[in-house]
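What follows is a single structure, written as structure tokens, with notes after it.
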Amino acid sequence: MDIVVKKIVREVKRGNQDAFAELVDLYKDKVFHIAYRMLGNAHEAQDVSQEAFLRAYTNIESYDENRKFSTWIFRIATNLSIDRIRRKKPDFHLEDQVSGTDNLDYHSQFAADIDLPEDQVVKLEMQQWIQDEIMALPPKYRSAIILKYLEDLSLKEISEVMNLPVATVKTRIHRGREALRKRLGQA
Amino acid sequence: MACTRDKQQVINQYLDEEMTLLESKQFEEHLHSCPDCEKHVRELKKTTAIIQSASHFEAPKDFTAGVMDRLPKQSKTKRWQQ
């Protein structure tokens with residue numbers, strides 16, 4: 001896997017723009033998911049994650065091939081997400097209509113399992129609740145919790161993504177987890 | 001809440017699996033006799049399980065095309081070199 005990624009990165013560095021599409025395809029779901037969890041809505045998540053790839057492309061020369069590409073792109077994406085949160089752009093919601101479509105809201109943009117309607121409703125409510133709780137966390141705890149519990153990264157990887165010492169990452173995970181417990185623990 | 005401030009730290013070590021087998025055994029014995037710590041651990045375990053159950057969203061279908069369309073245009077000579 002890493003050898004494949006290295007090869008693609010070299011192609012991109014040599015000026016093969018088309019090769020970059022392969023990199024995007026490899027990491028788009030994870031990057032989009034992180035941005036979605038950070039921002040809480042699909043429209044902004046798409047905007048931020050596409051911007052993250054554009055920045056990766058224009059800065060590809062500064063990417064150190066000895067490091068994982070995922071760490072680098074996750075870092076760009078989380079930083080852009082935090083910038084976006086700070087700027088407090090007006091919110092979009094899953095219920096908003098997708099521009100250029102007749103009657104599609106953002107829920108329709110996600111590949112959904114085929115379930116009984118009631119199951120789906122419960123599932124969506126449950127998912128919305130989890131997201132609301134993640135959104136209630138301060139951004140610096142939010143990113144730590146997302147990378148640890150949703151992306152399953154090691155503490156070392158998280159420390160590289162966040163550019164923080166492992167001890168600080170641990171503290172943020174502990175505080176984030178504790179804040180969530182106070183709200184979710186009795187549920 | 002944990003019964004003492006110190007125990008709060010121990011709970012984190014326990015959940016992060018940063019204990020020796022003996023230490024975790026000893027702590028589990030404490031959990032049996034301390035309802036406060038037991039409740040705290042149970043709630044934290046439940047919390048992380050809930051968070052981990054969050055669905056994984058996929059990028060929208062036109063994602064890659066959207067990125068590629070926005071890349072800086074390449075000169076023809078560069079394209080020819082490939």
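Starting from 1 in every chain, residues are counted up; chains themselves are A, B, ... following the order of the structure tokens, and ligands are numbered from 1 as listed.
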
Give the residues of chain B that lie within 9 Å of chain A; count only C-alpha atoms, and format the answer as a short mmCIF file (atom, residue, chain, number, x, y, z; two decimals) with C-alpha atoms, in the first residue's frame.
```cif
data_model
loop_
_atom_site.label_atom_id
_atom_site.label_comp_id
_atom_site.auth_asym_id
_atom_site.auth_seq_id
_atom_site.Cartn_x
_atom_site.Cartn_y
_atom_site.Cartn_z
CA ASN B 12 -7.64 6.61 32.41
CA HIS B 40 -17.44 5.96 36.26
CA ARG B 42 -18.96 1.77 33.09
CA GLU B 43 -20.11 5.17 31.84
CA LEU B 44 -16.83 5.86 30.09
CA LYS B 45 -16.87 2.46 28.38
CA LYS B 46 -20.42 3.08 27.25
CA THR B 47 -19.53 6.55 25.99
CA THR B 48 -16.66 5.31 23.85
CA ALA B 49 -18.82 2.47 22.51
CA ILE B 50 -21.50 4.99 21.47
CA ILE B 51 -18.95 7.22 19.75
CA GLN B 52 -17.40 4.25 17.98
CA SER B 53 -20.82 3.29 16.65
CA ALA B 54 -21.00 6.47 14.56
CA SER B 55 -21.48 5.66 10.87
CA HIS B 56 -18.70 6.22 8.41
CA PHE B 57 -19.76 8.56 5.67
CA GLU B 58 -18.41 8.25 2.17
CA ALA B 59 -17.36 11.20 0.06
CA PRO B 60 -20.00 12.27 -2.48
CA LYS B 61 -19.74 10.56 -5.88
CA PHE B 63 -15.79 14.35 -5.18
CA THR B 64 -12.66 13.44 -7.15
CA ALA B 65 -13.90 15.12 -10.33
CA GLY B 66 -14.59 18.26 -8.28
CA VAL B 67 -11.02 18.33 -7.01
CA MET B 68 -9.51 17.61 -10.44
CA ARG B 70 -10.16 22.88 -9.56
CA LEU B 71 -6.49 21.96 -9.96
CA PRO B 72 -4.34 24.63 -11.59
CA GLN B 74 -1.47 22.30 -16.76
CA LYS B 78 3.75 19.31 -19.66
CA ARG B 79 0.96 17.00 -20.75
CA GLN B 82 3.98 12.06 -20.19
#
```

Running DSSP on the backbone, which parts of segment 30-92 of chain A land in alpha helix (DSSP H), as number ranges by chain?
A: 30-39, 42-58, 69-87

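Atom CA of Lys7 of chain B to atom CA of Arg175 of chain A spans 15.0 Å [interatomic distance, one decimal].
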
Could you work out how far atom CA of Val161 of chain A lies from atom CA of Phe74 of chain A, giving the answer in Å with one decimal?
6.3 Å

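The gap separating atom CA of Cys37 of chain B from atom CA of Ser159 of chain A is 29.1 Å, in Å to one decimal.
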